[in-house]
Amino acid sequence: MKSAKNIFEASSRPLNVAVLVLDDSNTLSFAAGVDPMRATNRMSGRRLFDWQYVTATGDPALLTSGLTVPGPALSRLQRCEILIVIAGFKLHTHDTPALRAGLRRIADTGATLAGIDGGPWLMAEAGVLDHFTATTHWEDLETFASRFPDIITVRNRFHVDRTRMTSGGATPAIDMMLHLIKCRYGDALAARVAGAFIYDSAPDPSRTQSRSGNPGHTALTARVSALMEQTLDTPLTIPELARQTGTSPRTLQTLFRARLNTTPKAHYLLLRLAEAMRLVRDTDMPLLDVALATGFGSAAAFARAFQLAHGQSARAIRRGQRSST
């Protein structure tokens, strides 16, 4: 393996980028990886990012929106300084021996590899994340951590570890790209790029992922919500949430009502039922296990709460999915 270049060092020269786009990639994830580079070039008046698209086989990649991205096959890519891997659904169909070999080959040149959305999974399957710290989308964090024990998995929105960059989804990918721009080309240019998108999220790798995504959060309610997300299966009491976040139950009630127009208890229940819907739709987990995984002590209590929140039973949703396949 060749010695790696530090692409995060301050520089004024163009960065050679290859963007690997897989079928079924989310269009927003694709744009989150590419548009910050385009905006950097426009804002600076120079070509600071020089990128090309590649695909798995040389056939155009079909995004979920129906847009296609043409490019030569990964096997034809000779060199780059950073390879951005953008993937979405049906990862098992993309995880081929040829793709694994291609990712390992590029990694062996000393290039930095960055994964967006499903990209970290494909990088992990290829073994190029072994002994690195990485993140992926919150829906898959626990499975990712158990499947790849040689990777240190964190809940961060994005994470940079030496020559590996991983992002938990589309918006965190903007954070990740702004972080690269800031390190390489300076705070001022990164701020101008963020301003072009009217984007005011700080590109901080230590920020954890949130399931609720409510823009009204304060720093305190965001911390409480993150703690709720970590304890969906064994919900904490409101006094315990307050104690663990260094505040009082009354302050929590006031802040949640003022900023989110709800109560901490209702917000907690919303998070639990949103996760229940995801497990019902996206997994084959038995419904009793879904109930236990989202903090309901009985199937009856779960059924009532689910029906009230979603307008139909979990069982009906499962039946509808089976009949449509």
# chains A, B, ... in the order shown; residues from 1 in each chain; ligands from 1
call {"tool": "select_by_dssp", "arguments": {"residues": "segment 138-261 of chain A", "states": "strand (DSSP E)", "output": "number ranges by chain"}}
result
A: 152-153, 158-161, 164-167
call {"tool": "residues_around", "arguments": {"residues": "segment 117-130 of chain A", "least_positions_apart": "4", "cutoff": "7 Å", "atoms": "only C-alpha atoms", "output": "PDB file with N, CA and C atoms, in the first residue's frame"}}
result
ATOM      1  N   SER A  29     -28.536  12.443  -1.468  1.00  0.00           N
ATOM      2  CA  SER A  29     -27.190  12.029  -1.049  1.00  0.00           C
ATOM      3  C   SER A  29     -26.174  12.321  -2.149  1.00  0.00           C
ATOM      4  N   VAL A  85     -17.948   7.193  -2.219  1.00  0.00           N
ATOM      5  CA  VAL A  85     -18.825   6.060  -2.537  1.00  0.00           C
ATOM      6  C   VAL A  85     -20.247   6.416  -2.108  1.00  0.00           C
ATOM      7  N   ILE A  86     -21.146   6.555  -3.086  1.00  0.00           N
ATOM      8  CA  ILE A  86     -22.539   6.910  -2.798  1.00  0.00           C
ATOM      9  C   ILE A  86     -23.423   5.727  -3.139  1.00  0.00           C
ATOM     10  N   ALA A  87     -24.131   5.218  -2.138  1.00  0.00           N
ATOM     11  CA  ALA A  87     -25.005   4.058  -2.335  1.00  0.00           C
ATOM     12  C   ALA A  87     -26.277   4.261  -1.531  1.00  0.00           C
ATOM     13  N   GLY A  88     -27.327   3.553  -1.915  1.00  0.00           N
ATOM     14  CA  GLY A  88     -28.596   3.685  -1.216  1.00  0.00           C
ATOM     15  C   GLY A  88     -29.183   2.350  -0.842  1.00  0.00           C
ATOM     16  N   ASP A  95     -22.870  -5.372  -3.634  1.00  0.00           N
ATOM     17  CA  ASP A  95     -21.694  -5.904  -2.952  1.00  0.00           C
ATOM     18  C   ASP A  95     -21.156  -7.124  -3.701  1.00  0.00           C
ATOM     19  N   ARG A 100     -15.789  -5.034  -4.444  1.00  0.00           N
ATOM     20  CA  ARG A 100     -14.876  -5.136  -3.304  1.00  0.00           C
ATOM     21  C   ARG A 100     -13.428  -4.987  -3.764  1.00  0.00           C
ATOM     22  N   LEU A 103     -12.645  -1.335  -4.662  1.00  0.00           N
ATOM     23  CA  LEU A 103     -12.464  -0.469  -3.501  1.00  0.00           C
ATOM     24  C   LEU A 103     -11.124  -0.742  -2.822  1.00  0.00           C
ATOM     25  N   ARG A 104     -10.762  -2.012  -2.719  1.00  0.00           N
ATOM     26  CA  ARG A 104      -9.466  -2.339  -2.108  1.00  0.00           C
ATOM     27  C   ARG A 104      -8.317  -1.816  -2.956  1.00  0.00           C
ATOM     28  N   ALA A 107      -8.025   1.888  -2.392  1.00  0.00           N
ATOM     29  CA  ALA A 107      -7.493   2.123  -1.049  1.00  0.00           C
ATOM     30  C   ALA A 107      -5.991   1.859  -0.998  1.00  0.00           C
ATOM     31  N   THR A 136     -22.543   5.159  10.187  1.00  0.00           N
ATOM     32  CA  THR A 136     -23.476   4.924   9.090  1.00  0.00           C
ATOM     33  C   THR A 136     -24.836   5.439   9.534  1.00  0.00           C
ATOM     34  N   HIS A 137     -25.857   5.257   8.719  1.00  0.00           N
ATOM     35  CA  HIS A 137     -27.180   5.787   9.044  1.00  0.00           C
ATOM     36  C   HIS A 137     -27.692   5.173  10.346  1.00  0.00           C
ATOM     37  N   ASP A 150     -14.469  -5.434  13.577  1.00  0.00           N
ATOM     38  CA  ASP A 150     -13.151  -4.807  13.440  1.00  0.00           C
ATOM     39  C   ASP A 150     -13.242  -3.318  13.156  1.00  0.00           C
ATOM     40  N   ILE A 151     -14.460  -2.796  13.098  1.00  0.00           N
ATOM     41  CA  ILE A 151     -14.675  -1.365  12.901  1.00  0.00           C
ATOM     42  C   ILE A 151     -15.213  -0.776  14.208  1.00  0.00           C
ATOM     43  N   THR A 166     -16.831   8.832   6.704  1.00  0.00           N
ATOM     44  CA  THR A 166     -18.131   8.160   6.598  1.00  0.00           C
ATOM     45  C   THR A 166     -19.225   9.096   7.088  1.00  0.00           C
ATOM     46  N   SER A 167     -20.375   8.994   6.446  1.00  0.00           N
ATOM     47  CA  SER A 167     -21.501   9.886   6.740  1.00  0.00           C
ATOM     48  C   SER A 167     -22.760   9.073   6.979  1.00  0.00           C
ATOM     49  N   GLY A 168     -23.595   9.559   7.901  1.00  0.00           N
ATOM     50  CA  GLY A 168     -24.820   8.853   8.237  1.00  0.00           C
ATOM     51  C   GLY A 168     -25.987   9.119   7.312  1.00  0.00           C
ATOM     52  N   GLY A 169     -25.830   9.931   6.299  1.00  0.00           N
ATOM     53  CA  GLY A 169     -26.937  10.208   5.403  1.00  0.00           C
ATOM     54  C   GLY A 169     -26.658  11.451   4.581  1.00  0.00           C
ATOM     55  N   ALA A 170     -27.702  11.989   3.955  1.00  0.00           N
ATOM     56  CA  ALA A 170     -27.526  13.083   2.999  1.00  0.00           C
ATOM     57  C   ALA A 170     -27.103  14.385   3.672  1.00  0.00           C
TER      58      ALA A 170
END
call {"tool": "closest_residue", "arguments": {"among": "A:His310, A:Arg164, A:Arg272, A:Arg243", "to": "Ala293 of chain A", "atoms": "only C-alpha atoms"}}
result
A:Arg272
call {"tool": "residues_around", "arguments": {"residues": "Glu142 of chain A", "least_positions_apart": "5", "cutoff": "12 Å", "atoms": "only C-alpha atoms", "output": "MDAnalysis selection string"}}
result
chainID A and resid 135:137 147:149 152:155 230
call {"tool": "atom_distance", "arguments": {"atom1": "atom CA of Ile7 of chain A", "atom2": "atom CA of Trp51 of chain A"}}
result
14.4 Å
call {"tool": "select_by_dssp", "arguments": {"residues": "segment 12-55 of chain A", "states": "helix (DSSP H, G or I)", "output": "ChimeraX atom specification"}}
result
/A:27-44
call {"tool": "residues_around", "arguments": {"residues": "Leu48 of chain A", "least_positions_apart": "6", "cutoff": "10 Å", "atoms": "only C-alpha atoms", "output": "number ranges by chain"}}
result
A: 11-16, 37-38, 40-42, 181, 184-185
